[in-house]
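Below is the file protein_35.cif, which contains mmCIF, C-alpha atoms.
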data_query
#
loop_
_atom_site.group_PDB
_atom_site.id
_atom_site.type_symbol
_atom_site.label_atom_id
_atom_site.label_comp_id
_atom_site.auth_asym_id
_atom_site.auth_seq_id
_atom_site.Cartn_x
_atom_site.Cartn_y
_atom_site.Cartn_z
ATOM 1 C CA MET K 1 -35.374 19.756 -17.428
ATOM 2 C CA THR K 2 -37.316 18.281 -20.311
ATOM 3 C CA VAL K 3 -39.413 15.179 -19.782
ATOM 4 C CA PRO K 4 -40.088 13.188 -22.960
ATOM 5 C CA PRO K 5 -43.593 12.236 -24.047
ATOM 6 C CA GLY K 6 -44.944 9.179 -22.306
ATOM 7 C CA ASN K 7 -45.745 7.254 -25.467
ATOM 8 C CA LEU K 8 -42.212 6.379 -26.555
ATOM 9 C CA ALA K 9 -43.087 2.715 -26.893
ATOM 10 C CA ASP K 10 -46.878 2.889 -27.002
ATOM 11 C CA ARG K 11 -48.700 0.290 -29.053
ATOM 12 C CA PRO K 12 -52.301 0.072 -30.280
ATOM 13 C CA ALA K 13 -54.890 -1.217 -27.842
ATOM 14 C CA PRO K 14 -55.494 -4.994 -28.011
ATOM 15 C CA GLU K 15 -58.509 -6.706 -29.450
ATOM 16 C CA ASP K 16 -58.682 -9.282 -26.662
ATOM 17 C CA ALA K 17 -57.791 -7.798 -23.271
ATOM 18 C CA ALA K 18 -58.810 -10.881 -21.305
ATOM 19 C CA LEU K 19 -56.140 -13.175 -22.764
ATOM 20 C CA GLY K 20 -53.552 -10.498 -23.443
ATOM 21 C CA LEU K 21 -53.313 -11.146 -27.180
ATOM 22 C CA ASP K 22 -53.019 -8.881 -30.204
ATOM 23 C CA ALA K 23 -55.248 -9.423 -33.208
ATOM 24 C CA ASP K 24 -52.584 -11.706 -34.730
ATOM 25 C CA SER K 25 -52.505 -13.797 -31.501
ATOM 26 C CA GLN K 26 -49.032 -12.584 -30.501
ATOM 27 C CA PRO K 27 -48.225 -11.572 -26.907
ATOM 28 C CA HIS K 28 -48.379 -7.891 -26.085
ATOM 29 C CA ASP K 29 -45.233 -5.828 -25.657
ATOM 30 C CA LEU K 30 -45.396 -6.347 -21.905
ATOM 31 C CA LEU K 31 -42.080 -4.694 -21.092
ATOM 32 C CA SER K 32 -43.215 -1.459 -22.740
ATOM 33 C CA GLU K 33 -46.525 -1.595 -20.910
ATOM 34 C CA LEU K 34 -44.938 -2.131 -17.513
ATOM 35 C CA LEU K 35 -42.307 0.558 -17.991
ATOM 36 C CA ARG K 36 -45.046 2.932 -19.120
ATOM 37 C CA SER K 37 -47.031 2.144 -15.955
ATOM 38 C CA VAL K 38 -44.003 3.123 -13.852
ATOM 39 C CA ARG K 39 -43.649 6.280 -16.014
ATOM 40 C CA LEU K 40 -39.870 6.144 -15.832
ATOM 41 C CA SER K 41 -38.241 8.523 -18.306
ATOM 42 C CA GLY K 42 -34.762 9.752 -19.170
ATOM 43 C CA GLU K 43 -33.826 13.079 -17.644
ATOM 44 C CA ARG K 44 -30.265 14.313 -18.245
ATOM 45 C CA ILE K 45 -26.688 13.265 -18.965
ATOM 46 C CA THR K 46 -23.526 14.524 -17.215
ATOM 47 C CA ALA K 47 -19.832 13.861 -17.847
ATOM 48 C CA TYR K 48 -17.591 13.268 -14.830
ATOM 49 C CA ALA K 49 -13.781 13.566 -14.802
ATOM 50 C CA PRO K 50 -12.970 14.236 -11.129
ATOM 51 C CA PRO K 51 -9.585 14.432 -9.391
ATOM 52 C CA GLN K 52 -7.772 11.190 -8.597
ATOM 53 C CA THR K 53 -9.257 11.027 -5.098
ATOM 54 C CA PHE K 54 -13.006 11.522 -4.961
ATOM 55 C CA SER K 55 -16.374 10.248 -3.735
ATOM 56 C CA ILE K 56 -19.578 11.282 -5.528
ATOM 57 C CA GLY K 57 -22.984 10.370 -4.122
ATOM 58 C CA PHE K 58 -26.268 9.730 -5.939
ATOM 59 C CA THR K 59 -29.594 9.508 -4.079
ATOM 60 C CA ASP K 60 -33.199 8.700 -4.998
ATOM 61 C CA VAL K 61 -32.733 8.856 -8.748
ATOM 62 C CA GLY K 62 -32.460 6.096 -11.327
ATOM 63 C CA SER K 63 -28.883 6.213 -12.594
ATOM 64 C CA LEU K 64 -26.869 4.965 -15.537
ATOM 65 C CA HIS K 65 -23.067 5.043 -15.695
ATOM 66 C CA PHE K 66 -20.938 4.504 -18.815
ATOM 67 C CA ILE K 67 -17.347 3.936 -17.623
ATOM 68 C CA GLU K 68 -15.156 5.560 -20.265
ATOM 69 C CA GLU K 69 -11.745 5.362 -18.608
ATOM 70 C CA GLY K 70 -10.148 4.051 -15.435
ATOM 71 C CA GLU K 71 -11.314 1.902 -12.534
ATOM 72 C CA LEU K 72 -14.035 2.878 -10.097
ATOM 73 C CA SER K 73 -15.486 1.540 -6.881
ATOM 74 C CA LEU K 74 -19.292 1.534 -6.766
ATOM 75 C CA GLN K 75 -20.857 1.298 -3.312
ATOM 76 C CA ILE K 76 -24.594 0.750 -3.049
ATOM 77 C CA ASP K 77 -25.519 2.004 0.391
ATOM 78 C CA GLN K 78 -28.194 -0.493 1.349
ATOM 79 C CA ILE K 79 -28.595 -4.035 0.071
ATOM 80 C CA ASN K 80 -30.185 -6.204 2.785
ATOM 81 C CA GLY K 81 -29.062 -3.599 5.287
ATOM 82 C CA ASN K 82 -25.388 -3.758 4.324
ATOM 83 C CA PRO K 83 -23.227 -1.743 1.911
ATOM 84 C CA HIS K 84 -22.470 -3.603 -1.300
ATOM 85 C CA VAL K 85 -19.354 -2.818 -3.337
ATOM 86 C CA GLU K 86 -18.703 -3.515 -7.023
ATOM 87 C CA HIS K 87 -15.563 -2.661 -8.998
ATOM 88 C CA VAL K 88 -16.097 -1.420 -12.537
ATOM 89 C CA SER K 89 -13.691 -0.395 -15.248
ATOM 90 C CA THR K 90 -13.386 0.936 -18.791
ATOM 91 C CA GLY K 91 -16.233 -0.227 -21.012
ATOM 92 C CA ASP K 92 -18.539 -1.387 -18.238
ATOM 93 C CA ILE K 93 -22.124 -0.118 -18.150
ATOM 94 C CA VAL K 94 -23.922 0.236 -14.810
ATOM 95 C CA LEU K 95 -27.653 0.710 -14.249
ATOM 96 C CA LEU K 96 -29.303 1.362 -10.880
ATOM 97 C CA PRO K 97 -32.988 1.123 -11.896
ATOM 98 C CA ARG K 98 -34.538 1.534 -8.444
ATOM 99 C CA GLY K 99 -32.716 4.721 -7.545
ATOM 100 C CA ASP K 100 -30.820 3.152 -4.639
ATOM 101 C CA PRO K 101 -28.424 5.592 -2.945
ATOM 102 C CA HIS K 102 -24.865 4.912 -4.031
ATOM 103 C CA HIS K 103 -21.378 6.398 -4.156
ATOM 104 C CA ILE K 104 -18.715 6.222 -6.826
ATOM 105 C CA ASN K 105 -15.145 6.398 -5.519
ATOM 106 C CA ASP K 106 -11.680 6.225 -7.001
ATOM 107 C CA ALA K 107 -10.420 2.624 -7.042
ATOM 108 C CA ALA K 108 -6.862 2.744 -8.369
ATOM 109 C CA GLY K 109 -5.720 6.293 -7.768
ATOM 110 C CA LYS K 110 -5.706 6.919 -11.496
ATOM 111 C CA PRO K 111 -7.736 9.317 -13.654
ATOM 112 C CA ALA K 112 -11.270 8.167 -14.368
ATOM 113 C CA ARG K 113 -14.011 9.394 -16.671
ATOM 114 C CA TRP K 114 -17.613 8.354 -17.023
ATOM 115 C CA LEU K 115 -20.980 9.499 -18.274
ATOM 116 C CA CYS K 116 -23.918 9.544 -15.864
ATOM 117 C CA GLY K 117 -27.505 9.562 -17.067
ATOM 118 C CA THR K 118 -30.436 9.988 -14.696
ATOM 119 C CA PHE K 119 -34.084 8.966 -14.862
ATOM 120 C CA THR K 120 -37.224 10.313 -13.244
ATOM 121 C CA ILE K 121 -39.721 7.856 -11.770
ATOM 122 C CA GLY K 122 -43.233 9.131 -12.373
ATOM 123 C CA ASP K 123 -45.055 6.648 -10.145
ATOM 124 C CA PRO K 124 -43.163 5.552 -7.035
ATOM 125 C CA GLN K 125 -46.245 3.588 -5.945
ATOM 126 C CA ALA K 126 -45.486 0.961 -8.615
ATOM 127 C CA SER K 127 -43.180 -0.480 -5.995
ATOM 128 C CA HIS K 128 -43.420 -4.137 -6.870
ATOM 129 C CA LEU K 129 -42.224 -3.449 -10.419
ATOM 130 C CA LEU K 130 -39.101 -1.465 -9.556
ATOM 131 C CA GLY K 131 -38.583 -3.099 -6.185
ATOM 132 C CA SER K 132 -38.241 -6.565 -7.695
ATOM 133 C CA LEU K 133 -35.424 -5.451 -9.984
ATOM 134 C CA PRO K 134 -31.871 -5.778 -8.657
ATOM 135 C CA ALA K 135 -30.310 -2.718 -7.050
ATOM 136 C CA VAL K 136 -27.586 -2.708 -9.700
ATOM 137 C CA ILE K 137 -27.192 -4.268 -13.146
ATOM 138 C CA ILE K 138 -23.672 -4.335 -14.615
ATOM 139 C CA LEU K 139 -22.904 -5.194 -18.221
ATOM 140 C CA ARG K 140 -19.201 -5.936 -18.375
ATOM 141 C CA SER K 141 -17.110 -4.755 -21.316
ATOM 142 C CA GLY K 142 -16.823 -7.210 -24.181
ATOM 143 C CA SER K 143 -18.281 -7.907 -27.576
ATOM 144 C CA SER K 144 -22.009 -8.614 -27.726
ATOM 145 C CA PRO K 145 -24.879 -7.281 -29.831
ATOM 146 C CA ALA K 146 -26.315 -5.496 -26.766
ATOM 147 C CA LEU K 147 -23.062 -3.700 -25.990
ATOM 148 C CA GLU K 148 -22.569 -2.731 -29.614
ATOM 149 C CA GLY K 149 -25.974 -1.079 -29.679
ATOM 150 C CA LEU K 150 -25.292 0.667 -26.383
ATOM 151 C CA GLU K 151 -22.006 1.999 -27.741
ATOM 152 C CA VAL K 152 -23.900 3.618 -30.612
ATOM 153 C CA ALA K 153 -26.261 5.211 -28.086
ATOM 154 C CA ARG K 154 -23.321 6.462 -26.006
ATOM 155 C CA ARG K 155 -21.829 8.158 -29.065
ATOM 156 C CA MET K 156 -25.157 9.797 -29.818
ATOM 157 C CA LEU K 157 -25.270 11.166 -26.272
ATOM 158 C CA LEU K 158 -21.774 12.588 -26.662
ATOM 159 C CA ILE K 159 -22.764 14.320 -29.897
ATOM 160 C CA GLU K 160 -25.727 15.990 -28.179
ATOM 161 C CA MET K 161 -23.553 17.015 -25.226
ATOM 162 C CA ARG K 162 -20.746 18.451 -27.305
ATOM 163 C CA SER K 163 -22.887 20.163 -29.931
ATOM 164 C CA PRO K 164 -26.261 20.902 -28.351
ATOM 165 C CA SER K 165 -28.951 22.256 -30.625
ATOM 166 C CA GLN K 166 -32.698 22.774 -30.695
ATOM 167 C CA GLY K 167 -34.317 19.577 -29.433
ATOM 168 C CA SER K 168 -31.190 18.258 -27.693
ATOM 169 C CA ALA K 169 -32.939 17.884 -24.343
ATOM 170 C CA VAL K 170 -35.591 15.614 -25.836
ATOM 171 C CA MET K 171 -32.977 13.720 -27.867
ATOM 172 C CA VAL K 172 -30.986 12.999 -24.702
ATOM 173 C CA ALA K 173 -34.118 11.925 -22.821
ATOM 174 C CA ARG K 174 -35.209 9.582 -25.613
ATOM 175 C CA ILE K 175 -31.741 8.026 -25.955
ATOM 176 C CA LEU K 176 -31.635 7.405 -22.203
ATOM 177 C CA ASP K 177 -35.037 5.706 -22.419
ATOM 178 C CA LEU K 178 -33.739 3.399 -25.146
ATOM 179 C CA ILE K 179 -30.576 2.608 -23.190
ATOM 180 C CA PHE K 180 -32.597 1.727 -20.088
ATOM 181 C CA ILE K 181 -34.757 -0.693 -22.063
ATOM 182 C CA GLN K 182 -31.783 -2.266 -23.853
ATOM 183 C CA ILE K 183 -29.943 -2.882 -20.571
ATOM 184 C CA LEU K 184 -33.020 -4.544 -19.077
ATOM 185 C CA ARG K 185 -33.351 -6.711 -22.187
ATOM 186 C CA ALA K 186 -29.713 -7.779 -22.065
ATOM 187 C CA TRP K 187 -29.891 -8.544 -18.351
ATOM 188 C CA ALA K 188 -33.146 -10.510 -18.593
ATOM 189 C CA ALA K 189 -31.721 -12.613 -21.427
ATOM 190 C CA GLY K 190 -28.573 -13.450 -19.446
ATOM 191 C CA THR K 191 -27.874 -16.243 -17.000
ATOM 192 C CA ASP K 192 -27.702 -13.916 -13.977
ATOM 193 C CA ALA K 193 -31.307 -12.712 -14.178
ATOM 194 C CA GLU K 194 -33.139 -13.061 -10.871
ATOM 195 C CA PRO K 195 -36.771 -14.226 -10.758
ATOM 196 C CA ASN K 196 -39.057 -11.209 -11.228
ATOM 197 C CA TRP K 197 -41.639 -9.749 -13.607
ATOM 198 C CA LEU K 198 -38.959 -8.894 -16.173
ATOM 199 C CA ALA K 199 -37.675 -12.451 -16.421
ATOM 200 C CA GLY K 200 -41.308 -13.564 -16.623
ATOM 201 C CA ALA K 201 -42.040 -11.083 -19.416
ATOM 202 C CA PHE K 202 -39.324 -12.690 -21.543
ATOM 203 C CA ASP K 203 -40.662 -16.195 -20.941
ATOM 204 C CA PRO K 204 -42.796 -17.067 -24.008
ATOM 205 C CA GLN K 205 -45.461 -18.766 -21.891
ATOM 206 C CA ILE K 206 -45.452 -16.889 -18.575
ATOM 207 C CA GLY K 207 -45.343 -13.608 -20.490
ATOM 208 C CA ARG K 208 -48.837 -14.389 -21.770
ATOM 209 C CA ALA K 209 -50.169 -14.707 -18.225
ATOM 210 C CA LEU K 210 -48.493 -11.490 -17.127
ATOM 211 C CA SER K 211 -49.987 -9.669 -20.109
ATOM 212 C CA ALA K 212 -53.435 -10.987 -19.242
ATOM 213 C CA ILE K 213 -53.118 -9.863 -15.614
ATOM 214 C CA HIS K 214 -51.854 -6.386 -16.468
ATOM 215 C CA ARG K 215 -54.389 -5.855 -19.242
ATOM 216 C CA ASN K 216 -57.339 -6.725 -17.043
ATOM 217 C CA PRO K 217 -56.432 -6.939 -13.336
ATOM 218 C CA GLY K 218 -60.086 -6.718 -12.294
ATOM 219 C CA HIS K 219 -60.979 -9.964 -14.070
ATOM 220 C CA ASP K 220 -61.794 -12.896 -11.813
ATOM 221 C CA TRP K 221 -58.592 -14.726 -12.704
ATOM 222 C CA THR K 222 -58.015 -18.254 -11.498
ATOM 223 C CA VAL K 223 -54.809 -20.240 -11.811
ATOM 224 C CA GLU K 224 -56.685 -22.512 -14.223
ATOM 225 C CA ASP K 225 -57.583 -19.546 -16.475
ATOM 226 C CA LEU K 226 -54.011 -18.315 -16.622
ATOM 227 C CA ALA K 227 -52.590 -21.802 -17.110
ATOM 228 C CA ARG K 228 -54.968 -22.319 -20.030
ATOM 229 C CA ALA K 229 -53.834 -19.064 -21.653
ATOM 230 C CA CYS K 230 -50.250 -20.358 -21.425
ATOM 231 C CA ASN K 231 -51.128 -23.856 -22.706
ATOM 232 C CA LEU K 232 -49.841 -25.400 -19.483
ATOM 233 C CA SER K 233 -51.343 -27.610 -16.826
ATOM 234 C CA ARG K 234 -52.286 -25.916 -13.563
ATOM 235 C CA SER K 235 -49.382 -27.421 -11.620
ATOM 236 C CA ALA K 236 -46.816 -26.803 -14.370
ATOM 237 C CA PHE K 237 -47.982 -23.212 -14.756
ATOM 238 C CA ALA K 238 -47.894 -22.459 -11.013
ATOM 239 C CA ALA K 239 -44.384 -23.863 -10.687
ATOM 240 C CA ARG K 240 -43.086 -22.102 -13.798
ATOM 241 C CA PHE K 241 -44.667 -18.783 -12.794
ATOM 242 C CA ALA K 242 -43.102 -18.872 -9.325
ATOM 243 C CA ASN K 243 -39.743 -19.867 -10.810
ATOM 244 C CA ARG K 244 -39.710 -17.036 -13.368
ATOM 245 C CA VAL K 245 -41.500 -14.272 -11.441
ATOM 246 C CA GLY K 246 -40.419 -15.119 -7.890
ATOM 247 C CA LYS K 247 -43.892 -15.230 -6.353
ATOM 248 C CA PRO K 248 -47.128 -17.207 -6.856
ATOM 249 C CA PRO K 249 -49.684 -15.998 -9.425
ATOM 250 C CA ALA K 250 -52.208 -14.947 -6.765
ATOM 251 C CA THR K 251 -49.639 -12.816 -4.924
ATOM 252 C CA TYR K 252 -48.543 -11.113 -8.125
ATOM 253 C CA LEU K 253 -52.168 -10.482 -9.135
ATOM 254 C CA ALA K 254 -52.844 -8.844 -5.747
ATOM 255 C CA HIS K 255 -49.901 -6.464 -6.262
ATOM 256 C CA VAL K 256 -51.100 -5.487 -9.727
ATOM 257 C CA ARG K 257 -54.647 -4.899 -8.492
ATOM 258 C CA LEU K 258 -53.469 -2.591 -5.715
ATOM 259 C CA ASP K 259 -51.232 -0.693 -8.147
ATOM 260 C CA ALA K 260 -54.262 -0.211 -10.395
ATOM 261 C CA ALA K 261 -56.258 0.965 -7.371
ATOM 262 C CA THR K 262 -53.687 3.651 -6.492
ATOM 263 C CA ASP K 263 -53.891 4.964 -10.035
ATOM 264 C CA LEU K 264 -57.685 5.219 -9.824
ATOM 265 C CA LEU K 265 -57.546 6.818 -6.388
ATOM 266 C CA ARG K 266 -55.052 9.397 -7.576
ATOM 267 C CA HIS K 267 -56.540 10.288 -10.946
ATOM 268 C CA THR K 268 -60.298 9.682 -10.770
ATOM 269 C CA PRO K 269 -63.209 10.766 -8.519
ATOM 270 C CA LEU K 270 -64.592 7.205 -8.359
ATOM 271 C CA PRO K 271 -65.807 6.185 -4.894
ATOM 272 C CA VAL K 272 -63.782 3.538 -3.090
ATOM 273 C CA THR K 273 -66.572 0.977 -3.526
ATOM 274 C CA LEU K 274 -66.408 1.212 -7.328
ATOM 275 C CA ILE K 275 -62.613 1.197 -7.341
ATOM 276 C CA ALA K 276 -62.659 -2.002 -5.289
ATOM 277 C CA GLU K 277 -65.022 -3.564 -7.822
ATOM 278 C CA ASN K 278 -63.012 -2.341 -10.812
ATOM 279 C CA VAL K 279 -59.781 -3.909 -9.581
ATOM 280 C CA GLY K 280 -61.335 -7.258 -8.757
ATOM 281 C CA TYR K 281 -62.353 -7.203 -5.076
ATOM 282 C CA THR K 282 -65.716 -8.645 -4.093
ATOM 283 C CA SER K 283 -66.226 -6.188 -1.232
ATOM 284 C CA GLU K 284 -65.004 -2.780 -0.135
ATOM 285 C CA ALA K 285 -63.994 -4.256 3.230
ATOM 286 C CA ALA K 286 -61.707 -6.853 1.626
ATOM 287 C CA PHE K 287 -60.188 -4.187 -0.607
ATOM 288 C CA SER K 288 -59.603 -1.803 2.302
ATOM 289 C CA ARG K 289 -57.887 -4.525 4.349
ATOM 290 C CA ALA K 290 -55.564 -5.463 1.489
ATOM 291 C CA PHE K 291 -54.820 -1.816 0.712
ATOM 292 C CA LYS K 292 -54.030 -0.973 4.338
ATOM 293 C CA ASN K 293 -51.781 -4.030 4.681
ATOM 294 C CA ARG K 294 -49.676 -2.794 1.786
ATOM 295 C CA TYR K 295 -49.733 0.994 2.164
ATOM 296 C CA GLY K 296 -50.330 1.380 5.891
ATOM 297 C CA THR K 297 -53.510 3.450 5.568
ATOM 298 C CA PRO K 298 -57.072 2.916 4.262
ATOM 299 C CA PRO K 299 -57.689 3.886 0.619
ATOM 300 C CA ALA K 300 -59.821 6.956 1.420
ATOM 301 C CA HIS K 301 -57.119 8.345 3.723
ATOM 302 C CA TRP K 302 -54.424 7.550 1.160
ATOM 303 C CA ARG K 303 -56.355 9.491 -1.475
ATOM 304 C CA ARG K 304 -56.698 12.536 0.767
ATOM 305 C CA ASP K 305 -53.013 12.453 1.670
ATOM 306 C CA ILE K 306 -51.776 12.086 -1.918
ATOM 307 C CA ARG K 307 -54.006 14.891 -3.197
ATOM 308 C CA GLY K 308 -53.014 17.170 -0.341
ATOM 309 C CA ARG K 309 -49.333 17.076 -1.262
#
Please rewrite the model in this file as structure tokens.
Amino acid sequence: MTVPPGNLADRPAPEDAALGLDADSQPHDLLSELLRSVRLSGERITAYAPPQTFSIGFTDVGSLHFIEEGELSLQIDQINGNPHVEHVSTGDIVLLPRGDPHHINDAAGKPARWLCGTFTIGDPQASHLLGSLPAVIILRSGSSPALEGLEVARRMLLIEMRSPSQGSAVMVARILDLIFIQILRAWAAGTDAEPNWLAGAFDPQIGRALSAIHRNPGHDWTVEDLARACNLSRSAFAARFANRVGKPPATYLAHVRLDAATDLLRHTPLPVTLIAENVGYTSEAAFSRAFKNRYGTPPAHWRRDIRGR
């Protein structure tokens, strides 16, 4: 298995981290930053052409399915505690970004073929980013710029599968990365997008606030500060943020701060007191309470557990 470099979509560091702006006053590439924080990367591609009656299961791995021929039944094992079934057919593209367990079954008793790409998730603790995405995103067959670009990517994958050469593993991984991003873009731009960070990232005003929060989660952000960065009134900003992101600004900021704290706990020797200060908490006690509420254990215990694995 070859994991691609983590800087596929890296950009230069900003000049103004507080407001989330580049030197030319344009919003940061927030989608790239958030995907990089999750450290999700393309892994491998497999072609399936099973017998007419079949059931194939996928568990705990981000999955992508290009339906090349036939009709299939896709069952996601748990959505609100109940199985959820979708029917897909030739030309449809299916993405399960969270790695929800699912099965693909024959739907019409006819031959079926599809390509399956998988993704590794480098940081499962970034739960609010992946967890707020839908369990399954389906782009139905038809003519659109997004699908045309994805068809080019599918053909490139087939070339690498049929005629592998030096560097094919990295080529496949990079192509899968690009496909993942393009599907998220197409979904977020559509009318079916649910409120979450991705829909917020594509909002020209709320995206500025999200960039500011992610660039500097330890800053003493107020709703007024963020509203000002978006050129909105406090009330208009709060309503728009909740509508696009699905939660109030303060709740989202708390999630980002705790994600930043887990990264520091995992990768640095900083004492808990300094980590609390770095991610924006006024006291270690307040930080520890918030951390335990989310992860079920105090930060010092969490650090020992994660390093002992």
Inset, instruction - For Ile175 of chain K, list every protein, DNA or RNA residue within 12 Å, evaluated using all atoms listed in the file, and leave out those in the same chain fewer than 3 positions away; present the list as a PyMOL selection string. - result: chain K and resi 4+8+41-45+64+117-119+149-160+168-172+178-182
Using the selection just defined, write its residues with C-alpha atoms as a short mmCIF file (atom, residue, chain, number, x, y, z; two decimals), in the frame of the given file.
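Once everything was written out, this is part_10.cif:
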data_model
loop_
_atom_site.label_atom_id
_atom_site.label_comp_id
_atom_site.auth_asym_id
_atom_site.auth_seq_id
_atom_site.Cartn_x
_atom_site.Cartn_y
_atom_site.Cartn_z
CA PRO K 4 -40.09 13.19 -22.96
CA LEU K 8 -42.21 6.38 -26.56
CA SER K 41 -38.24 8.52 -18.31
CA GLY K 42 -34.76 9.75 -19.17
CA GLU K 43 -33.83 13.08 -17.64
CA ARG K 44 -30.26 14.31 -18.24
CA ILE K 45 -26.69 13.26 -18.96
CA LEU K 64 -26.87 4.96 -15.54
CA GLY K 117 -27.50 9.56 -17.07
CA THR K 118 -30.44 9.99 -14.70
CA PHE K 119 -34.08 8.97 -14.86
CA GLY K 149 -25.97 -1.08 -29.68
CA LEU K 150 -25.29 0.67 -26.38
CA GLU K 151 -22.01 2.00 -27.74
CA VAL K 152 -23.90 3.62 -30.61
CA ALA K 153 -26.26 5.21 -28.09
CA ARG K 154 -23.32 6.46 -26.01
CA ARG K 155 -21.83 8.16 -29.06
CA MET K 156 -25.16 9.80 -29.82
CA LEU K 157 -25.27 11.17 -26.27
CA LEU K 158 -21.77 12.59 -26.66
CA ILE K 159 -22.76 14.32 -29.90
CA GLU K 160 -25.73 15.99 -28.18
CA SER K 168 -31.19 18.26 -27.69
CA ALA K 169 -32.94 17.88 -24.34
CA VAL K 170 -35.59 15.61 -25.84
CA MET K 171 -32.98 13.72 -27.87
CA VAL K 172 -30.99 13.00 -24.70
CA LEU K 178 -33.74 3.40 -25.15
CA ILE K 179 -30.58 2.61 -23.19
CA PHE K 180 -32.60 1.73 -20.09
CA ILE K 181 -34.76 -0.69 -22.06
CA GLN K 182 -31.78 -2.27 -23.85
#
Inset, instruction - Spell out the residues picked by the PyMOL selection byres ((chain K and resi 50) around 8) here, as JSON, numbers by chain. - result: {"K": [48, 49, 51, 52, 53, 54, 111, 112, 113]}
Legend entry - Nearby residues (only C-alpha atoms) at most 8 Å from Ala260 of chain K, same-chain spacing under 3 positions excluded, as a list in words: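 Returned residues: Pro217, Val256, Arg257, Asp263, Leu264 and Val279 of chain K.
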Grab the residues selected above and save them as a PDB file, in the coordinates of the input with C-alpha atoms.
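Written out: selection06.pdb:
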ATOM      1  CA  PRO K 217     -56.432  -6.939 -13.336  1.00  0.00           C
ATOM      2  CA  VAL K 256     -51.100  -5.487  -9.727  1.00  0.00           C
ATOM      3  CA  ARG K 257     -54.647  -4.899  -8.492  1.00  0.00           C
ATOM      4  CA  ASP K 263     -53.891   4.964 -10.035  1.00  0.00           C
ATOM      5  CA  LEU K 264     -57.685   5.219  -9.824  1.00  0.00           C
ATOM      6  CA  VAL K 279     -59.781  -3.909  -9.581  1.00  0.00           C
TER       7      VAL K 279
END
Legend entry - Pick from K:Gln166, K:Ser73, K:Asn196, K:Ser141, whichever lies nearest to Leu129 of chain K using only C-alpha atoms: K:Asn196
Inset, instruction - In Å, rounded to a single decimal, give me how far atom CA of Ser32 of chain K is from atom CA of Asp177 of chain K. - result: 10.9 Å
